[in-house]
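Visitor: What follows is protein_21.pdb, PDB, C-alpha atoms.
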```pdb
ATOM      1  CA  MET A   1     -19.660   6.383   3.368
ATOM      2  CA  ASN A   2     -20.249   4.463   6.575
ATOM      3  CA  PHE A   3     -18.962   5.869   9.858
ATOM      4  CA  ASP A   4     -19.671   5.766  13.589
ATOM      5  CA  ILE A   5     -20.591   8.573  15.953
ATOM      6  CA  ILE A   6     -18.903   7.876  19.279
ATOM      7  CA  LYS A   7     -20.255   9.811  22.246
ATOM      8  CA  GLU A   8     -19.120  10.018  25.837
ATOM      9  CA  VAL A   9     -21.784   8.749  28.230
ATOM     10  CA  HIS A  10     -22.007   9.543  31.940
ATOM     11  CA  ILE A  11     -24.024   7.151  34.086
ATOM     12  CA  VAL A  12     -24.764   7.769  37.764
ATOM     13  CA  ASN A  13     -24.483   4.629  39.873
ATOM     14  CA  GLU A  14     -27.559   4.858  42.117
ATOM     15  CA  GLU A  15     -25.953   2.777  44.867
ATOM     16  CA  THR A  16     -22.732   4.774  45.176
ATOM     17  CA  ASN A  17     -23.712   8.086  43.490
ATOM     18  CA  GLU A  18     -20.492   7.847  41.523
ATOM     19  CA  VAL A  19     -20.424   8.864  37.897
ATOM     20  CA  GLU A  20     -19.256   6.155  35.537
ATOM     21  CA  GLU A  21     -17.937   7.201  32.156
ATOM     22  CA  SER A  22     -18.144   5.124  29.024
ATOM     23  CA  THR A  23     -18.806   5.590  25.331
ATOM     24  CA  GLU A  24     -21.559   4.559  22.960
ATOM     25  CA  SER A  25     -21.190   4.093  19.240
ATOM     26  CA  THR A  26     -23.924   4.548  16.641
ATOM     27  CA  PRO A  27     -23.362   3.509  13.024
ATOM     28  CA  HIS A  28     -24.291   6.009  10.293
ATOM     29  CA  ARG A  29     -24.247   6.223   6.509
ATOM     30  CA  ALA A  30     -23.804   9.425   4.491
ATOM     31  CA  ILE A  31     -23.924  10.445   0.845
ATOM     32  CA  LEU A  32     -23.592  13.718  -1.023
ATOM     33  CA  GLU A  33     -26.352  13.744  -3.622
ATOM     34  CA  ASP A  34     -26.794  16.720  -5.955
ATOM     35  CA  GLY A  35     -24.927  18.858  -3.419
ATOM     36  CA  THR A  36     -27.118  17.770  -0.478
ATOM     37  CA  LEU A  37     -25.604  15.954   2.491
ATOM     38  CA  LYS A  38     -27.831  13.071   3.578
ATOM     39  CA  VAL A  39     -27.167  11.053   6.744
ATOM     40  CA  TRP A  40     -28.890   7.920   8.039
ATOM     41  CA  THR A  41     -28.578   6.021  11.310
ATOM     42  CA  ILE A  42     -28.161   2.274  10.885
ATOM     43  CA  ASP A  43     -29.873  -0.221  13.184
ATOM     44  CA  GLY A  44     -29.256  -3.708  11.859
ATOM     45  CA  GLU A  45     -31.038  -3.896   8.517
ATOM     46  CA  ASN A  46     -32.967  -0.650   9.119
ATOM     47  CA  GLU A  47     -31.771   2.808   8.121
ATOM     48  CA  THR A  48     -33.445   6.047   9.179
ATOM     49  CA  LEU A  49     -32.787   9.317   7.346
ATOM     50  CA  ILE A  50     -31.936  11.889  10.024
ATOM     51  CA  LEU A  51     -30.373  14.712   8.001
ATOM     52  CA  ASN A  52     -31.038  16.297   4.623
ATOM     53  CA  GLN A  53     -28.685  19.330   4.564
ATOM     54  CA  PRO A  54     -28.404  21.157   1.208
ATOM     55  CA  TRP A  55     -25.651  23.605   2.291
ATOM     56  CA  LYS A  56     -23.062  24.286   4.919
ATOM     57  CA  ASN A  57     -23.330  27.302   7.172
ATOM     58  CA  GLU A  58     -20.336  29.618   7.131
ATOM     59  CA  ASN A  59     -19.070  31.458  10.216
ATOM     60  CA  ASP A  60     -20.309  34.779   8.808
ATOM     61  CA  GLY A  61     -23.874  33.425   8.522
ATOM     62  CA  SER A  62     -23.754  32.843   4.782
ATOM     63  CA  ARG A  63     -24.271  29.488   3.089
ATOM     64  CA  SER A  64     -22.044  27.627   0.665
ATOM     65  CA  ALA A  65     -21.845  24.307  -1.110
ATOM     66  CA  TRP A  66     -20.207  21.266   0.435
ATOM     67  CA  ALA A  67     -16.715  20.758  -1.018
ATOM     68  CA  ASP A  68     -17.076  16.967  -0.796
ATOM     69  CA  LEU A  69     -18.536  14.162   1.308
ATOM     70  CA  ASP A  70     -15.583  14.160   3.717
ATOM     71  CA  GLU A  71     -16.271  17.800   4.600
ATOM     72  CA  GLY A  72     -19.936  17.047   5.244
ATOM     73  CA  VAL A  73     -19.198  14.045   7.458
ATOM     74  CA  ALA A  74     -16.580  16.022   9.420
ATOM     75  CA  TRP A  75     -19.159  18.776  10.019
ATOM     76  CA  PHE A  76     -21.794  16.217  11.075
ATOM     77  CA  LYS A  77     -19.386  14.552  13.500
ATOM     78  CA  SER A  78     -18.403  17.895  15.038
ATOM     79  CA  ASP A  79     -22.031  19.007  15.308
ATOM     80  CA  ASN A  80     -22.905  15.766  17.121
ATOM     81  CA  GLN A  81     -20.094  15.833  19.712
ATOM     82  CA  HIS A  82     -18.230  12.908  18.151
ATOM     83  CA  GLN A  83     -15.288  11.726  20.271
ATOM     84  CA  GLY A  84     -12.258  10.656  18.285
ATOM     85  CA  ALA A  85     -10.979  10.936  14.751
TER
END
```
Represent the structure from my file as structure tokens, please.

Guide:
Amino acid sequence: MNFDIIKEVHIVNEETNEVEESTESTPHRAILEDGTLKVWTIDGENETLILNQPWKNENDGSRSAWADLDEGVAWFKSDNQHQGA
């Protein structure tokens, strides 16, 4: 599954000291392989594996299996301050 992580970016204009807000988007690819969530960043033709997560952490501190790829990607987006749907 390919998806983008969209993050809010704050840039200080050195001339005016005003903060400019914008967003940046980084393409990613994810798979669920043998119960392990794997996520890569995509830069043109190059992909870099950045996550190899074999379980999800529950609120009570326990671990459980990913229900499906959508659940894993939703968790990854939330954990990386994704802005948007």

Visitor: Which of these, A:Asp4, A:Phe76, A:Gly84, A:Asp43, has the shortest distance to A:Asn57 once you count only C-alpha atoms?

Guide: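 Checking each candidate against A:Asn57, we get A:Phe76 as the closest.
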
Visitor: Can you list, as a PyMOL selection string, every protein, DNA or RNA residue that comes within 8 Å of stretch 25-27 of chain A when you count all atoms listed in the file, leaving out same-chain residues fewer than 6 positions away?

Guide: chain A and resi 2-7+41-43

Visitor: Mind giving me the straight-line distance from atom CA of A:Asp79 to atom CA of A:Val9 in Å, one decimal?

Guide: 16.5 Å

Visitor: List the residues selected by the PyMOL selection byres ((chain A and resi 49) around 9) in the file shown, writing them as JSON, numbers by chain.

Guide: {"A": [38, 39, 40, 41, 47, 48, 50, 51, 52]}

Visitor: List as a PDB file with C-alpha atoms, in the coordinates of the input: which residues have an atom within 9 Å of (-29.6, 23.4, -3.2), counting all atoms listed in the file?

Guide:
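And here is the file that came out, point_25.pdb:
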```pdb
ATOM      1  CA  ASP A  34     -26.794  16.720  -5.955  1.00  0.00           C
ATOM      2  CA  GLY A  35     -24.927  18.858  -3.419  1.00  0.00           C
ATOM      3  CA  THR A  36     -27.118  17.770  -0.478  1.00  0.00           C
ATOM      4  CA  GLN A  53     -28.685  19.330   4.564  1.00  0.00           C
ATOM      5  CA  PRO A  54     -28.404  21.157   1.208  1.00  0.00           C
ATOM      6  CA  TRP A  55     -25.651  23.605   2.291  1.00  0.00           C
ATOM      7  CA  ALA A  65     -21.845  24.307  -1.110  1.00  0.00           C
TER       8      ALA A  65
END
```

Visitor: Provide stretch 2-34 of chain A rebuilt to N, CA and C atoms, formatted as a PDB file, in the coordinates of the input.

Guide:
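Generated file (out27.pdb):
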```pdb
ATOM      1  N   ASN A   2     -19.806   4.900   5.249  1.00  0.00           N
ATOM      2  CA  ASN A   2     -20.249   4.463   6.575  1.00  0.00           C
ATOM      3  C   ASN A   2     -19.267   4.970   7.622  1.00  0.00           C
ATOM      4  N   PHE A   3     -19.789   5.387   8.757  1.00  0.00           N
ATOM      5  CA  PHE A   3     -18.962   5.869   9.858  1.00  0.00           C
ATOM      6  C   PHE A   3     -19.738   5.720  11.160  1.00  0.00           C
ATOM      7  N   ASP A   4     -19.037   5.846  12.276  1.00  0.00           N
ATOM      8  CA  ASP A   4     -19.671   5.766  13.589  1.00  0.00           C
ATOM      9  C   ASP A   4     -19.591   7.115  14.283  1.00  0.00           C
ATOM     10  N   ILE A   5     -20.624   7.447  15.030  1.00  0.00           N
ATOM     11  CA  ILE A   5     -20.591   8.573  15.953  1.00  0.00           C
ATOM     12  C   ILE A   5     -20.346   7.975  17.334  1.00  0.00           C
ATOM     13  N   ILE A   6     -19.254   8.378  17.948  1.00  0.00           N
ATOM     14  CA  ILE A   6     -18.903   7.876  19.279  1.00  0.00           C
ATOM     15  C   ILE A   6     -19.107   9.021  20.260  1.00  0.00           C
ATOM     16  N   LYS A   7     -19.951   8.787  21.250  1.00  0.00           N
ATOM     17  CA  LYS A   7     -20.255   9.811  22.246  1.00  0.00           C
ATOM     18  C   LYS A   7     -19.857   9.329  23.634  1.00  0.00           C
ATOM     19  N   GLU A   8     -19.421  10.286  24.438  1.00  0.00           N
ATOM     20  CA  GLU A   8     -19.120  10.018  25.837  1.00  0.00           C
ATOM     21  C   GLU A   8     -20.440   9.949  26.598  1.00  0.00           C
ATOM     22  N   VAL A   9     -20.561   8.944  27.453  1.00  0.00           N
ATOM     23  CA  VAL A   9     -21.784   8.749  28.230  1.00  0.00           C
ATOM     24  C   VAL A   9     -21.419   8.766  29.709  1.00  0.00           C
ATOM     25  N   HIS A  10     -22.206   9.486  30.486  1.00  0.00           N
ATOM     26  CA  HIS A  10     -22.007   9.543  31.940  1.00  0.00           C
ATOM     27  C   HIS A  10     -23.212   8.897  32.602  1.00  0.00           C
ATOM     28  N   ILE A  11     -22.956   7.882  33.403  1.00  0.00           N
ATOM     29  CA  ILE A  11     -24.024   7.151  34.086  1.00  0.00           C
ATOM     30  C   ILE A  11     -23.804   7.262  35.587  1.00  0.00           C
ATOM     31  N   VAL A  12     -24.865   7.660  36.316  1.00  0.00           N
ATOM     32  CA  VAL A  12     -24.764   7.769  37.764  1.00  0.00           C
ATOM     33  C   VAL A  12     -25.146   6.425  38.376  1.00  0.00           C
ATOM     34  N   ASN A  13     -24.222   5.868  39.154  1.00  0.00           N
ATOM     35  CA  ASN A  13     -24.483   4.629  39.873  1.00  0.00           C
ATOM     36  C   ASN A  13     -25.369   4.984  41.061  1.00  0.00           C
ATOM     37  N   GLU A  14     -26.593   4.493  41.076  1.00  0.00           N
ATOM     38  CA  GLU A  14     -27.559   4.858  42.117  1.00  0.00           C
ATOM     39  C   GLU A  14     -27.163   4.361  43.497  1.00  0.00           C
ATOM     40  N   GLU A  15     -26.375   3.304  43.563  1.00  0.00           N
ATOM     41  CA  GLU A  15     -25.953   2.777  44.867  1.00  0.00           C
ATOM     42  C   GLU A  15     -24.831   3.598  45.483  1.00  0.00           C
ATOM     43  N   THR A  16     -23.898   4.063  44.651  1.00  0.00           N
ATOM     44  CA  THR A  16     -22.732   4.774  45.176  1.00  0.00           C
ATOM     45  C   THR A  16     -22.738   6.267  44.849  1.00  0.00           C
ATOM     46  N   ASN A  17     -23.647   6.703  43.977  1.00  0.00           N
ATOM     47  CA  ASN A  17     -23.712   8.086  43.490  1.00  0.00           C
ATOM     48  C   ASN A  17     -22.459   8.505  42.732  1.00  0.00           C
ATOM     49  N   GLU A  18     -21.669   7.540  42.320  1.00  0.00           N
ATOM     50  CA  GLU A  18     -20.492   7.847  41.523  1.00  0.00           C
ATOM     51  C   GLU A  18     -20.862   7.887  40.049  1.00  0.00           C
ATOM     52  N   VAL A  19     -20.185   8.747  39.330  1.00  0.00           N
ATOM     53  CA  VAL A  19     -20.424   8.864  37.897  1.00  0.00           C
ATOM     54  C   VAL A  19     -19.470   7.926  37.161  1.00  0.00           C
ATOM     55  N   GLU A  20     -20.048   7.069  36.357  1.00  0.00           N
ATOM     56  CA  GLU A  20     -19.256   6.155  35.537  1.00  0.00           C
ATOM     57  C   GLU A  20     -19.235   6.694  34.116  1.00  0.00           C
ATOM     58  N   GLU A  21     -18.070   6.714  33.517  1.00  0.00           N
ATOM     59  CA  GLU A  21     -17.937   7.201  32.156  1.00  0.00           C
ATOM     60  C   GLU A  21     -17.713   6.029  31.206  1.00  0.00           C
ATOM     61  N   SER A  22     -18.376   6.104  30.081  1.00  0.00           N
ATOM     62  CA  SER A  22     -18.144   5.124  29.024  1.00  0.00           C
ATOM     63  C   SER A  22     -18.464   5.807  27.699  1.00  0.00           C
ATOM     64  N   THR A  23     -18.457   5.040  26.640  1.00  0.00           N
ATOM     65  CA  THR A  23     -18.806   5.590  25.331  1.00  0.00           C
ATOM     66  C   THR A  23     -19.871   4.718  24.688  1.00  0.00           C
ATOM     67  N   GLU A  24     -20.620   5.330  23.771  1.00  0.00           N
ATOM     68  CA  GLU A  24     -21.559   4.559  22.960  1.00  0.00           C
ATOM     69  C   GLU A  24     -21.304   4.911  21.506  1.00  0.00           C
ATOM     70  N   SER A  25     -21.473   3.930  20.657  1.00  0.00           N
ATOM     71  CA  SER A  25     -21.190   4.093  19.240  1.00  0.00           C
ATOM     72  C   SER A  25     -22.456   3.808  18.433  1.00  0.00           C
ATOM     73  N   THR A  26     -22.752   4.714  17.500  1.00  0.00           N
ATOM     74  CA  THR A  26     -23.924   4.548  16.641  1.00  0.00           C
ATOM     75  C   THR A  26     -23.472   4.580  15.187  1.00  0.00           C
ATOM     76  N   PRO A  27     -23.759   3.516  14.432  1.00  0.00           N
ATOM     77  CA  PRO A  27     -23.362   3.509  13.024  1.00  0.00           C
ATOM     78  C   PRO A  27     -24.248   4.431  12.180  1.00  0.00           C
ATOM     79  N   HIS A  28     -23.614   5.086  11.205  1.00  0.00           N
ATOM     80  CA  HIS A  28     -24.291   6.009  10.293  1.00  0.00           C
ATOM     81  C   HIS A  28     -23.831   5.745   8.866  1.00  0.00           C
ATOM     82  N   ARG A  29     -24.616   6.251   7.927  1.00  0.00           N
ATOM     83  CA  ARG A  29     -24.247   6.223   6.509  1.00  0.00           C
ATOM     84  C   ARG A  29     -24.522   7.600   5.940  1.00  0.00           C
ATOM     85  N   ALA A  30     -23.632   8.098   5.090  1.00  0.00           N
ATOM     86  CA  ALA A  30     -23.804   9.425   4.491  1.00  0.00           C
ATOM     87  C   ALA A  30     -23.508   9.377   3.004  1.00  0.00           C
ATOM     88  N   ILE A  31     -24.203  10.227   2.264  1.00  0.00           N
ATOM     89  CA  ILE A  31     -23.924  10.445   0.845  1.00  0.00           C
ATOM     90  C   ILE A  31     -24.042  11.940   0.568  1.00  0.00           C
ATOM     91  N   LEU A  32     -23.429  12.367  -0.515  1.00  0.00           N
ATOM     92  CA  LEU A  32     -23.592  13.718  -1.023  1.00  0.00           C
ATOM     93  C   LEU A  32     -24.275  13.562  -2.368  1.00  0.00           C
ATOM     94  N   GLU A  33     -25.538  13.954  -2.430  1.00  0.00           N
ATOM     95  CA  GLU A  33     -26.352  13.744  -3.622  1.00  0.00           C
ATOM     96  C   GLU A  33     -26.839  15.083  -4.142  1.00  0.00           C
ATOM     97  N   ASP A  34     -26.424  15.436  -5.356  1.00  0.00           N
ATOM     98  CA  ASP A  34     -26.794  16.720  -5.955  1.00  0.00           C
ATOM     99  C   ASP A  34     -26.486  17.883  -5.024  1.00  0.00           C
TER     100      ASP A  34
END
```
